[in-house]
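Here's the structure, in structure tokens; my notes come after.
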Amino acid sequence: MTRNPWLLGALGVLLGLLALAAIGRAEAAHRGREQSRAIGRLGAEIGPLDSASLDSYRYFSADVQCLLYRRGRDPFALELCVDERGRVIEAIDRRTAPEPRIWSLRDDPSRASVRVDRAEVNRLLEQMGVPYPLPPARP
Amino acid sequence: MVAAAVRAALDRLPLERALQLSIAALIVVTVLSQGSLVSWVETAKKLRWAALLVFAGLALAYAYARFDRRRVGVVQAAAGVLCLLALASATWSAFPRLTIQRAGVFTVLVVAAGALALGAAGRTASMRRMVEAIVAGAAIVAVGGLLVLAFRHDRAIQPATSVLAARYQGLGGGPNTAMMVLAVATPLAAYAMLEARRVVARALALVIVVLVLGSIVASGSRGAIVGGFGGLLAFALVAPATLRQRVVAGAVVVALLVVAVAITRIPQPDPAAPALPGAQETPLERPPGNRPISPLEPPRLSDDVGRPPFGVAETTRRPRTLFGSSGRAQAWEGAIDVGAQRPVAGYGFGTEDHVFFDRYAAFNSNTPENSYIGLFLQVGAVGLAAFLAFLGTVLVRGVAATPRLADAERGLAAACAAAVVAGLLVAVFQSYLYAVGNNATGAVWICVFLLAGLTPLRKHATEPA
């Protein structure tokens with residue numbers, strides 16, 4: 001059994017970092033599930049992507065576009081943002097403005113588990129006359 | 001034998017002069033890389049990494065030439081743990097490559113600053129030269145600002161708007177940019193002025209103090225004012241040997257602060273001026289599709305939080321007041337909420353600007369503009385606690401040990417401690433303590449290690465100044 005305090009310290013740091021890595025990965029996974037669950041709930045509330053309440057779009061970037069749905073007088077009340085793979089990476093509920101509820105995996109899209117048909121998103125965006133190029137709909 | 005020959009050769013080189021130049025160059029180049037002279041920005045962005053590498057190489061050579069194993073201790077080990085934590089966070093980061101890059105660069109800076117302090121340890125005169133190098137860098141930035149004011153007035157001044165007064169930005173890309181390093185350098189410049197032995201040197205240092213403080217006041221940067229004057233106050237309270245001197249020096253600094261704040265309130269917004277260009281978004285041209293859509297544009301992405309509900313007009317004026325947060329309170333709350341989704345370990349070092357999104361109507365930045373919240377976002381509560389424990393321990397131990405030091409060392413230690421205080425205060429207003437590309441980061445970490453070197457746990461022999 002060593003009594004070298006430097007060696008013991010190094011061992012402690014190593015174990016601490018290993019534990020932190022495990023916690024960090026678990027936190028990332030947990031957040032992915034939580035955000036996806038909330039995004040899924042809003043998606044369910046919206047219903048089909050081409051519902052009659054679809055009122056506008058937002059061209060966020062070449063890879064990510066958003067569909068906005070009307071609730072009451074607000075044409076932008078609910079929003080779903082979809083990436084090039086059809087993953088719903090952000091959902092916004094503006095009915096609580098000025099404090100909208102936002103669920104986002106924009107920074108970690110690989111953990112987004114809610115998916116939609118990207119080809120249908122493209123079709124809807126084209127119907128709304130989006131003037132910019134859209135990503136190819138990949139399976 | 002070879003090692004001895006290499007050390008002898010390094011000893012003959014004017015390493016300290018080269019190090020001084022590299023420190024000043026690093027400060028100037030990092031300011032230019034975020035500067036008001038747009039045509040210089042891209043070149044400076046490339047040069048700042050070269051400047052960092054040169055500084056690191058020289059610092060390592062300096063430490064090697066003067067290496068004393070007994071001076072390596074807990075501070076260096078603790079700094080190593082911070083770097084390891086930053087690098088290890090790549091394993092849970094959403095952007096592992098980015099995390100490794102930024103943690104790697106941060107490690108280079110910490111190793112360089114640590115090596116610099118190890119090389120200078122025990123030599124008060126050498127440590128003072130490093131402090132003078134930071135002051136020289138800040139002086140060049142301040143003088144450069146005046147040159148921009150003289151020859152490119154439009155670049156040196158941020159014009160007034162209907163809610164904001166005109167603000168001086170000098171060489172920086174915004175009124176808060178260059179002022180960060182000037183704030184950190186303020187107590188160091190005051191130290192240089194008080195320690196100068198020749199009249200000419202003292203007069204030059206006085207001019208630098210006036211230039212630095214004048215630039216900060218003209219910018220109206222509240223973070224720099226709090227940091228600069230907070231650092232000066234810390235210097236006034238720690239450096240003097242007697243209580244009476246401390247009280248007098250502290251009162252002088254507080255009086256200066258009151259005058260400075262009063263001056264910042266003189267410029268007024270221009271009611272006839274337009275709003276900031278960034279406050280309006282170019283309307284999207286919408287070619288008609290075959291599906292009817294809202295004739296209105298969706299709200300700006302950066303205005304989601306704090307914007308009134310649809311159909312309610314925004315009538316709140318948001319003038320910049322002395323104690324207003326410029327939207328930071330809103331952004332801080334949002335950033336803490338995002339951080340709380342991964343509270344223990346965070347999103348990974350260096351990811352702050354990738355996980356924080358400006359959704360706030362009264363805020364305009366791609367970071368939350370608070371280094372502590374930034375650390376919480378990046379490395380979670382554990383990382384934030386580790387950084388605070390390290391910086392707090394060095395600072396508290398340094399301040400506690402300063403009164404027991406000899407006169408020459410006491411002033412220097414007080415100046416370094418005050419610069420760290422200034423840096424920690426600026427960190428409340430800006431995300432930068434861990435961002436190596438920022439102009440103030442290097443100066444703060446150099447002062448941290450110099451302070452630790454001046455106030456070691458074990459007493460070592462010290463060469464006189």
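We label chains A, B, ... in the order they appear in the structure tokens, count residues from 1 in each chain, and number ligands from 1 in the order shown.
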
Within 6 Å of chain B: each chain A residue with its shortest pair, only C-alpha atoms, as a tab-separated table:
```
residue	atom	partner	partner_atom	distance
A:Gly24	CA	B:Ala345	CA	4.9
A:Arg25	CA	B:Trp92	CA	5.0
A:Glu27	CA	B:Arg342	CA	5.4
A:Asp55	CA	B:Ile293	CA	4.8
A:Ser56	CA	B:Ile293	CA	5.3
A:Asp74	CA	B:Phe310	CA	5.6
A:Ala97	CA	B:Pro309	CA	4.9
A:Pro98	CA	B:Gly306	CA	4.6
A:Glu99	CA	B:Val305	CA	5.4
A:Asp107	CA	B:Val355	CA	5.5
A:Asp108	CA	B:Ala94	CA	5.7
A:Gln127	CA	B:Gly289	CA	5.0
A:Met128	CA	B:Gly289	CA	4.5
A:Gly129	CA	B:Gly289	CA	3.9
```

For the residues in the current selection, export C-alpha atoms as a short mmCIF file (atom, residue, chain, number, x, y, z; two decimals), in the first residue's frame.
```cif
data_model
loop_
_atom_site.label_atom_id
_atom_site.label_comp_id
_atom_site.auth_asym_id
_atom_site.auth_seq_id
_atom_site.Cartn_x
_atom_site.Cartn_y
_atom_site.Cartn_z
CA GLY A 24 -21.81 13.65 -18.02
CA ARG A 25 -22.85 10.99 -20.51
CA GLU A 27 -26.90 13.63 -18.12
CA ASP A 55 -49.56 29.12 -41.02
CA SER A 56 -45.96 29.96 -41.78
CA ASP A 74 -51.40 33.97 -33.05
CA ALA A 97 -45.32 34.76 -24.20
CA PRO A 98 -43.40 36.74 -23.05
CA GLU A 99 -42.01 33.55 -21.49
CA ASP A 107 -26.90 21.56 -29.81
CA ASP A 108 -27.21 17.76 -29.67
CA GLN A 127 -46.14 24.83 -51.06
CA MET A 128 -45.54 27.86 -48.86
CA GLY A 129 -43.12 29.23 -51.45
#
```

#### Entry: Who sits within 10 Å of Cys66 in chain A, only C-alpha atoms, same chain under 3 positions skipped, as a PyMOL selection string
chain A and resi 56-61+69+79-83+88-91+121+125

Output C-alpha atoms of each residue in that selection to a file, as a short mmCIF file (atom, residue, chain, number, x, y, z; two decimals), in the first residue's frame.
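Written out: selection_1.cif:
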```cif
data_model
loop_
_atom_site.label_atom_id
_atom_site.label_comp_id
_atom_site.auth_asym_id
_atom_site.auth_seq_id
_atom_site.Cartn_x
_atom_site.Cartn_y
_atom_site.Cartn_z
CA SER A 56 -45.96 29.96 -41.78
CA TYR A 57 -42.37 28.76 -41.86
CA ARG A 58 -38.98 29.83 -40.67
CA TYR A 59 -35.88 29.16 -42.77
CA PHE A 60 -33.43 28.69 -39.92
CA SER A 61 -30.46 27.41 -41.93
CA TYR A 69 -48.84 26.64 -36.47
CA GLU A 79 -43.24 25.78 -33.87
CA LEU A 80 -41.44 22.60 -34.85
CA CYS A 81 -37.92 22.73 -36.26
CA VAL A 82 -36.75 19.82 -38.39
CA ASP A 83 -33.21 19.03 -39.51
CA VAL A 88 -37.40 17.41 -34.74
CA ILE A 89 -34.69 19.28 -32.87
CA GLU A 90 -36.67 22.16 -31.40
CA ALA A 91 -40.23 22.94 -30.40
CA VAL A 121 -41.63 18.88 -44.69
CA LEU A 125 -42.21 24.33 -47.42
#
```

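By chain and then residue number, the residues within 7 Å of Met179 in chain B are Asn176, Leu182, Ala183, Ile216 and Ala224 of chain B, counting only C-alpha atoms and disregarding those fewer than 3 positions away in sequence.
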
Would you export the selected residues with C-alpha atoms as a compact mmCIF listing (two decimals), in the first residue's frame, please?
```txt
# COMPACT_ATOMS: atom_id res chain seq x y z
CA ASN B 176 -16.54 46.40 -23.98
CA LEU B 182 -7.37 47.58 -19.74
CA ALA B 183 -9.42 46.84 -16.61
CA ILE B 216 -12.47 52.73 -19.72
CA ALA B 224 -14.57 47.36 -17.14
```

### Query
Using the chain letters and numbers from this document, which residues of range 4-105 of chain A does DSSP assign to helix (DSSP H, G or I), as a VMD selection string?
chain A and resid 5 to 46 94 to 96

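Rounded to one decimal, CA of Gly442 in chain B and CA of Thr402 in chain B lie 22.9 Å from each other.
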
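The interatomic distance for the pair CA of Phe429 in chain B and CA of Asp358 in chain B works out to 15.9 Å.
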
### Message
If we count only C-alpha atoms and set the cut-off at 7 Å, which residues sit around Ser36 in chain B, ignoring sequence neighbours fewer than 4 positions away in its own chain? Please answer as number ranges by chain.
### Response
B: 155-156, 171-173

Mind dumping the selected residues with C-alpha atoms as an mmCIF file, in the first residue's frame?
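Contents of the output file again.cif:
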```cif
data_model
loop_
_atom_site.group_PDB
_atom_site.id
_atom_site.type_symbol
_atom_site.label_atom_id
_atom_site.label_comp_id
_atom_site.auth_asym_id
_atom_site.auth_seq_id
_atom_site.Cartn_x
_atom_site.Cartn_y
_atom_site.Cartn_z
ATOM 1 C CA ARG B 155 -14.272 53.070 -36.142
ATOM 2 C CA ALA B 156 -13.258 54.333 -32.699
ATOM 3 C CA LEU B 171 -8.991 49.572 -30.865
ATOM 4 C CA GLY B 172 -11.658 47.089 -29.744
ATOM 5 C CA GLY B 173 -14.490 45.763 -31.854
#
```

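These are the residues of range 84-119 of chain A assigned strand (DSSP E or B) by DSSP from backbone coordinates: Arg87, Val88, Ile89, Glu90, Ala91, Ile92, Asp93, Arg101, Ile102, Trp103, Ser104 and Arg115 of chain A.
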
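Coordinates place CA of Arg41 in chain A at a distance of 21.9 Å from CA of Ala119 in chain A.
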
### Spatial neighbours of Val116 in chain A, max dist 12 Å, only C-alpha atoms, sep filter under 5 positions, as a PyMOL selection string
chain A and resi 39-40+43-44+47-50+67+80-89+121-122+137-139

### Task
May I have the residues within 9 Å of range 111-120 of chain B as a PyMOL selection string, using only C-alpha atoms and disregarding those fewer than 4 positions away in the same chain?
chain B and resi 19+52-53+55-68+71-72+75-76+79-80+106-107+124-127+130+442-443+445-454

Would you save the residues from that selection as a compact mmCIF listing (two decimals), in the first residue's frame, using N, CA and C atoms?
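Result written to part_6.txt:
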```
# COMPACT_ATOMS: atom_id res chain seq x y z
N LEU B 19 10.32 37.34 -23.59
CA LEU B 19 9.05 37.01 -22.95
C LEU B 19 8.18 38.25 -22.78
N LEU B 52 0.54 33.08 -29.21
CA LEU B 52 0.39 32.22 -28.03
C LEU B 52 1.47 31.15 -28.01
N LEU B 53 1.73 30.55 -29.19
CA LEU B 53 2.74 29.49 -29.25
C LEU B 53 4.13 30.04 -28.95
N PHE B 55 4.80 32.66 -27.10
CA PHE B 55 4.81 32.92 -25.65
C PHE B 55 5.01 31.62 -24.88
N ALA B 56 4.29 30.57 -25.28
CA ALA B 56 4.40 29.29 -24.57
C ALA B 56 5.81 28.70 -24.72
N GLY B 57 6.36 28.77 -25.93
CA GLY B 57 7.71 28.24 -26.16
C GLY B 57 8.74 28.98 -25.32
N LEU B 58 8.65 30.30 -25.32
CA LEU B 58 9.60 31.10 -24.54
C LEU B 58 9.44 30.84 -23.04
N ALA B 59 8.19 30.71 -22.58
CA ALA B 59 7.95 30.48 -21.16
C ALA B 59 8.50 29.12 -20.73
N LEU B 60 8.34 28.11 -21.59
CA LEU B 60 8.87 26.79 -21.25
C LEU B 60 10.39 26.82 -21.22
N ALA B 61 11.00 27.51 -22.20
CA ALA B 61 12.46 27.62 -22.21
C ALA B 61 12.94 28.36 -20.95
N TYR B 62 12.21 29.37 -20.57
CA TYR B 62 12.53 30.17 -19.38
C TYR B 62 12.46 29.30 -18.12
N ALA B 63 11.39 28.51 -18.04
CA ALA B 63 11.24 27.64 -16.87
C ALA B 63 12.32 26.57 -16.86
N TYR B 64 12.65 26.07 -18.04
CA TYR B 64 13.68 25.02 -18.13
C TYR B 64 15.04 25.57 -17.69
N ALA B 65 15.34 26.78 -18.15
CA ALA B 65 16.64 27.38 -17.82
C ALA B 65 16.77 27.63 -16.33
N ARG B 66 15.67 27.85 -15.65
CA ARG B 66 15.75 28.23 -14.23
C ARG B 66 14.99 27.25 -13.35
N PHE B 67 14.85 26.03 -13.85
CA PHE B 67 13.97 25.09 -13.17
C PHE B 67 14.46 24.74 -11.77
N ASP B 68 13.54 24.81 -10.84
CA ASP B 68 13.83 24.40 -9.47
C ASP B 68 12.67 23.51 -9.04
N ARG B 71 10.00 24.21 -6.41
CA ARG B 71 8.96 25.23 -6.57
C ARG B 71 7.69 24.68 -7.23
N VAL B 72 7.76 23.45 -7.73
CA VAL B 72 6.57 22.83 -8.31
C VAL B 72 5.75 22.25 -7.17
N VAL B 75 -0.17 24.20 -6.46
CA VAL B 75 -0.82 25.11 -7.43
C VAL B 75 -0.69 24.56 -8.84
N GLN B 76 0.52 24.12 -9.19
CA GLN B 76 0.71 23.57 -10.54
C GLN B 76 -0.12 22.30 -10.73
N ALA B 79 -3.76 23.28 -11.16
CA ALA B 79 -3.99 23.83 -12.50
C ALA B 79 -4.02 22.70 -13.53
N GLY B 80 -3.17 21.70 -13.32
CA GLY B 80 -3.17 20.53 -14.21
C GLY B 80 -4.50 19.80 -14.15
N PHE B 106 -6.48 26.10 -24.14
CA PHE B 106 -6.51 26.58 -22.76
C PHE B 106 -5.34 25.97 -21.96
N THR B 107 -5.08 24.69 -22.21
CA THR B 107 -3.97 24.02 -21.53
C THR B 107 -2.64 24.67 -21.90
N THR B 124 12.20 38.71 -7.67
CA THR B 124 11.19 39.76 -7.68
C THR B 124 11.33 40.65 -8.91
N ALA B 125 12.57 40.95 -9.28
CA ALA B 125 12.79 41.83 -10.44
C ALA B 125 12.24 41.18 -11.71
N SER B 126 12.43 39.86 -11.84
CA SER B 126 11.94 39.15 -13.03
C SER B 126 10.41 39.19 -13.06
N MET B 127 9.82 38.94 -11.91
CA MET B 127 8.35 38.97 -11.86
C MET B 127 7.82 40.36 -12.21
N MET B 130 7.55 40.92 -15.87
CA MET B 130 6.38 40.29 -16.51
C MET B 130 5.13 41.17 -16.32
N GLY B 442 -5.14 35.89 -21.07
CA GLY B 442 -3.73 35.63 -20.80
C GLY B 442 -3.23 36.44 -19.62
N ALA B 443 -3.59 37.73 -19.58
CA ALA B 443 -3.12 38.60 -18.49
C ALA B 443 -3.60 38.09 -17.14
N TRP B 445 -4.44 34.95 -16.23
CA TRP B 445 -3.78 33.70 -15.82
C TRP B 445 -2.31 33.93 -15.47
N ILE B 446 -1.65 34.84 -16.18
CA ILE B 446 -0.27 35.17 -15.81
C ILE B 446 -0.24 35.73 -14.39
N CYS B 447 -1.16 36.62 -14.08
CA CYS B 447 -1.20 37.21 -12.73
C CYS B 447 -1.53 36.17 -11.68
N VAL B 448 -2.41 35.23 -12.02
CA VAL B 448 -2.75 34.16 -11.07
C VAL B 448 -1.48 33.40 -10.67
N PHE B 449 -0.69 33.01 -11.68
CA PHE B 449 0.51 32.20 -11.38
C PHE B 449 1.61 33.05 -10.75
N LEU B 450 1.73 34.32 -11.15
CA LEU B 450 2.73 35.18 -10.50
C LEU B 450 2.38 35.34 -9.02
N LEU B 451 1.10 35.54 -8.73
CA LEU B 451 0.67 35.68 -7.34
C LEU B 451 0.99 34.42 -6.55
N ALA B 452 0.70 33.26 -7.16
CA ALA B 452 1.00 31.98 -6.49
C ALA B 452 2.51 31.83 -6.28
N GLY B 453 3.29 32.29 -7.26
CA GLY B 453 4.75 32.20 -7.14
C GLY B 453 5.30 33.14 -6.08
N LEU B 454 4.65 34.28 -5.90
CA LEU B 454 5.11 35.25 -4.91
C LEU B 454 4.74 34.85 -3.48
```

### Query
Given the choices B:Ala241, B:Asp337, B:Ala272, B:Phe349, which gets closest to Pro403 in chain B if the distance is worked out from only C-alpha atoms?
B:Ala241
